[in-house]
>>> print(open('entry_23.txt').read())   # compact mmCIF, C-alpha atoms
# COMPACT_ATOMS: atom_id res chain seq x y z
CA MET A 5 -53.85 -9.38 155.92
CA VAL A 6 -56.25 -10.62 158.57
CA TYR A 7 -54.81 -12.57 161.49
CA LEU A 8 -57.30 -14.97 163.10
CA SER A 9 -56.65 -16.40 166.55
CA ASP A 10 -55.76 -20.07 166.83
CA ASN A 11 -58.51 -20.29 169.49
CA LEU A 12 -61.15 -19.72 166.82
CA THR A 13 -62.89 -23.02 165.93
CA VAL A 14 -65.74 -21.63 163.76
CA ILE A 15 -65.68 -18.96 161.07
CA PRO A 16 -69.31 -17.73 161.15
CA GLU A 17 -71.78 -17.46 158.31
CA GLY A 18 -71.13 -14.56 155.93
CA ILE A 19 -68.46 -12.95 158.12
CA PHE A 20 -66.13 -11.95 155.25
CA CYS A 21 -68.73 -12.04 152.47
CA CYS A 22 -68.08 -9.34 149.83
CA CYS A 23 -64.82 -8.22 151.48
CA THR A 24 -63.23 -7.72 148.07
CA SER A 25 -59.96 -6.27 149.43
CA LEU A 26 -59.33 -9.32 151.63
CA LYS A 27 -56.55 -11.15 149.76
CA ASN A 28 -54.91 -13.29 152.46
CA LEU A 29 -55.44 -14.37 156.03
CA THR A 30 -53.82 -16.56 158.62
CA TRP A 31 -55.99 -19.61 159.26
CA PRO A 32 -56.63 -20.65 162.88
CA GLN A 33 -54.81 -23.91 163.55
CA ASN A 34 -57.77 -25.22 165.60
CA LEU A 35 -60.43 -24.33 163.04
CA ILE A 36 -63.15 -26.98 162.68
CA THR A 37 -65.93 -25.31 160.66
CA ILE A 38 -66.25 -22.65 157.98
CA GLU A 39 -69.94 -21.76 157.84
CA GLU A 40 -72.19 -20.88 154.91
CA ASP A 41 -71.07 -17.99 152.67
CA ALA A 42 -68.22 -17.09 155.06
CA PHE A 43 -65.93 -15.88 152.26
CA CYS A 44 -68.31 -15.64 149.30
CA CYS A 45 -67.45 -12.86 146.84
CA SER A 46 -64.29 -12.02 148.80
CA GLY A 47 -60.92 -11.16 147.29
CA LEU A 48 -59.09 -14.22 148.69
CA GLU A 49 -56.29 -15.43 146.42
CA THR A 50 -55.18 -18.56 148.28
CA ALA A 51 -56.63 -20.84 150.95
CA SER A 52 -54.22 -23.25 152.59
CA LEU A 53 -56.74 -24.65 155.05
CA PRO A 54 -55.53 -26.16 158.35
CA ASP A 55 -55.73 -29.92 158.84
CA SER A 56 -58.05 -29.42 161.83
CA LEU A 57 -60.83 -28.23 159.47
CA GLU A 58 -63.66 -30.77 159.11
CA VAL A 59 -66.55 -28.81 157.54
CA ILE A 60 -66.73 -26.35 154.65
CA GLY A 61 -70.26 -24.97 154.56
CA MET A 62 -72.57 -24.21 151.67
CA GLY A 63 -71.18 -21.52 149.39
CA ALA A 64 -68.30 -20.81 151.79
CA PHE A 65 -66.02 -19.71 148.93
CA ASP A 66 -68.75 -19.06 146.33
CA SER A 67 -67.74 -16.50 143.68
CA CYS A 68 -64.20 -15.90 144.94
CA GLU A 69 -63.03 -14.71 141.55
CA TYR A 70 -59.34 -14.35 142.54
CA LEU A 71 -59.00 -17.65 144.43
CA ALA A 72 -56.31 -19.50 142.46
CA GLU A 73 -54.97 -22.01 144.98
CA VAL A 74 -56.74 -24.16 147.57
CA LYS A 75 -55.31 -26.85 149.82
CA LEU A 76 -58.11 -28.94 151.26
CA PRO A 77 -57.25 -30.36 154.70
CA LYS A 78 -56.53 -34.04 155.25
CA ASN A 79 -59.32 -34.32 157.88
CA LEU A 80 -62.10 -32.66 155.85
CA ARG A 81 -65.37 -34.58 156.24
CA VAL A 82 -67.98 -32.25 154.71
CA LEU A 83 -67.70 -30.29 151.46
CA ASP A 84 -71.16 -28.76 151.17
CA ASN A 85 -73.14 -27.58 148.13
CA ARG A 86 -71.54 -24.82 146.07
CA ALA A 87 -68.51 -24.64 148.38
CA PHE A 88 -66.22 -23.40 145.58
CA VAL A 89 -68.70 -22.58 142.80
CA TRP A 90 -67.48 -19.91 140.38
CA CYS A 91 -63.87 -19.65 141.45
CA PRO A 92 -62.69 -18.96 137.89
CA LYS A 93 -58.93 -18.89 138.64
CA LEU A 94 -58.79 -22.21 140.53
CA LYS A 95 -56.62 -24.59 138.47
CA GLU A 96 -56.13 -27.73 140.54
CA ILE A 97 -57.76 -29.42 143.52
CA THR A 98 -57.04 -32.57 145.54
CA ILE A 99 -60.04 -34.24 147.17
CA PRO A 100 -59.06 -35.83 150.52
CA LYS A 101 -59.88 -39.44 151.38
CA SER A 102 -61.48 -38.31 154.68
CA LEU A 103 -64.50 -36.81 152.86
CA THR A 104 -67.83 -38.37 153.94
CA THR A 105 -70.26 -35.78 152.51
CA TRP A 106 -69.82 -34.19 149.09
CA GLY A 107 -72.45 -31.63 148.05
CA GLU A 108 -73.77 -30.62 144.63
CA MET A 109 -72.14 -28.00 142.41
CA THR A 110 -69.01 -27.99 144.57
CA PHE A 111 -66.65 -26.88 141.79
CA ALA A 112 -69.19 -25.78 139.15
CA SER A 113 -68.08 -22.87 136.97
CA CYS A 114 -64.42 -23.16 137.98
CA GLU A 115 -63.55 -22.22 134.43
CA SER A 116 -59.76 -22.70 134.81
CA LEU A 117 -59.91 -26.04 136.65
CA GLU A 118 -57.49 -28.29 134.76
CA LYS A 119 -56.81 -31.09 137.19
CA VAL A 120 -58.73 -32.96 139.88
CA ASN A 121 -56.81 -35.38 142.10
CA PHE A 122 -58.20 -37.86 144.59
CA GLU A 123 -56.17 -38.95 147.61
CA ASN A 124 -55.41 -42.67 147.71
CA GLY A 125 -58.10 -44.35 149.77
CA PHE A 126 -60.90 -42.02 148.63
CA ASN A 127 -64.10 -43.98 149.30
CA LEU A 128 -67.26 -42.03 148.45
CA ASN A 129 -69.49 -43.74 145.89
CA ALA A 130 -70.90 -40.86 143.80
CA ILE A 131 -69.85 -37.79 141.91
CA PRO A 132 -72.64 -35.37 142.87
CA ARG A 133 -74.97 -33.46 140.56
CA SER A 134 -73.34 -30.60 138.63
CA THR A 135 -70.08 -30.92 140.58
CA PHE A 136 -67.82 -30.06 137.63
CA GLU A 137 -70.39 -28.31 135.43
CA ASP A 138 -68.86 -25.51 133.34
CA CYS A 139 -65.26 -26.50 134.09
CA TRP A 140 -64.30 -25.50 130.57
CA VAL A 141 -60.60 -26.47 130.52
CA LEU A 142 -60.83 -29.83 132.31
CA LYS A 143 -59.34 -32.24 129.72
CA GLN A 144 -59.03 -35.56 131.53
CA PHE A 145 -60.71 -37.08 134.56
CA ASP A 146 -59.77 -40.32 136.28
CA ILE A 147 -62.70 -41.58 138.32
CA PRO A 148 -61.71 -43.25 141.61
CA GLU A 149 -62.41 -46.97 142.06
CA SER A 150 -64.93 -46.30 144.84
CA ILE A 151 -67.30 -44.38 142.54
CA THR A 152 -70.39 -46.33 141.45
CA THR A 153 -72.61 -43.43 140.37
CA ILE A 154 -72.18 -40.30 138.30
CA GLU A 155 -75.08 -37.95 139.04
CA SER A 156 -76.92 -35.79 136.48
CA TYR A 157 -75.02 -32.88 134.94
CA ALA A 158 -71.84 -33.83 136.84
CA PHE A 159 -69.67 -32.83 133.86
CA GLU A 160 -72.08 -30.64 131.89
CA LYS A 161 -70.34 -28.19 129.55
CA CYS A 162 -66.84 -29.43 130.23
CA TYR A 163 -66.01 -28.33 126.71
CA SER A 164 -62.37 -29.48 126.74
CA LEU A 165 -63.00 -32.88 128.34
CA ARG A 166 -61.50 -35.49 126.00
CA THR A 167 -60.79 -38.52 128.15
CA MET A 168 -62.62 -40.19 131.03
CA VAL A 169 -61.20 -43.21 132.79
CA PHE A 170 -64.12 -45.28 134.11
CA PRO A 171 -63.43 -47.98 136.69
CA ASN A 172 -65.39 -51.25 136.52
CA THR A 173 -67.25 -50.13 139.64
CA ILE A 174 -69.48 -47.67 137.71
CA SER A 175 -73.04 -49.03 137.72
CA THR A 176 -75.09 -45.85 137.21
CA ILE A 177 -74.65 -42.80 135.01
CA ASN A 178 -77.59 -40.45 135.37
CA SER A 179 -79.19 -38.27 132.70
CA TYR A 180 -77.17 -35.47 131.12
CA ALA A 181 -74.05 -36.38 133.09
CA PHE A 182 -71.88 -35.42 130.10
CA TYR A 183 -74.22 -32.96 128.43
CA ASP A 184 -72.43 -30.73 125.90
CA CYS A 185 -69.00 -32.30 126.40
CA GLU A 186 -68.36 -31.75 122.71
CA LYS A 187 -64.73 -33.01 122.63
CA LEU A 188 -65.24 -36.22 124.64
CA LEU A 189 -63.56 -39.00 122.65
CA SER A 190 -63.07 -41.90 125.01
>>> encode(input="entry_23.txt", output="structure tokens")
Amino acid sequence: MVYLSDNLTVIPEGIFCCCTSLKNLTWPQNLITIEEDAFCCSGLETASLPDSLEVIGMGAFDSCEYLAEVKLPKNLRVLDNRAFVWCPKLKEITIPKSLTTWGEMTFASCESLEKVNFENGFNLNAIPRSTFEDCWVLKQFDIPESITTIESYAFEKCYSLRTMVFPNTISTINSYAFYDCEKLLS
């Protein structure tokens, strides 16, 4: 176990990248930013991120093959591109209403992702490109009322996706948004 000081506000780029034996750590309670690739390819199993955290950088948890549980903080503003791409054991995620920037491919290839929740009051207007691509066991998805656009490939190869609940606010669905969703019924 790694114990990080509460005085630490930034976890630097690539600091624990490829640390495959790193399973757990104590998160600094004053943490504001996790930079690019900070934990990519690490052995982390859980990430209960502190509420002080505002930014998760590009690929911060990319290819964390043992990461099964993540608690996103209530004050998170930025979830950058590929933040949690290929975390094959991740089963559920709750997107906080504080989010102002949501990058592409955020949860792509999270093969075990079954459930995506949105905090009440979520107000972004688009589901970014390839965000849930290759989430093979995702069966149902309720789109928040604030969403007006579903970007290209957002749900590509969600093989188990059967039901989508579209609010009346949807005005744009871009090309290939549901490409190869072979079980989509309604």
>>> closest_residue(input="entry_23.txt", among="A:Ser52, A:Ser46, A:Ser113, A:Thr173", to="Phe159 in chain A", atoms="only C-alpha atoms")
A:Ser113
>>> closest_residue(input="entry_23.txt", among="A:Val82, A:Leu188, A:Ala42, A:Met5", to="Glu17 in chain A", atoms="only C-alpha atoms")
A:Ala42
>>> atom_distance(input="entry_23.txt", atom1="CA of Thr176 in chain A", atom2="CA of Trp106 in chain A")
17.5 Å
>>> closest_residue(input="entry_23.txt", among="A:Ile15, A:Ile131, A:Ile97, A:Ile36", to="Val74 in chain A", atoms="all atoms listed in the file")
A:Ile97
>>> atom_distance(input="entry_23.txt", atom1="CA of Ser9 in chain A", atom2="CA of Pro32 in chain A")
5.6 Å
>>> residues_near_point(input="entry_23.txt", point="(-76.0, -30.6, 135.5)", cutoff="6 Å", atoms="all atoms listed in the file", output="mmCIF file with C-alpha atoms, in the coordinates of the input")
data_model
loop_
_atom_site.group_PDB
_atom_site.id
_atom_site.type_symbol
_atom_site.label_atom_id
_atom_site.label_comp_id
_atom_site.auth_asym_id
_atom_site.auth_seq_id
_atom_site.Cartn_x
_atom_site.Cartn_y
_atom_site.Cartn_z
ATOM 1 C CA ARG A 133 -74.970 -33.460 140.560
ATOM 2 C CA SER A 134 -73.340 -30.600 138.630
ATOM 3 C CA SER A 156 -76.920 -35.790 136.480
ATOM 4 C CA TYR A 157 -75.020 -32.880 134.940
ATOM 5 C CA ALA A 158 -71.840 -33.830 136.840
ATOM 6 C CA GLU A 160 -72.080 -30.640 131.890
#
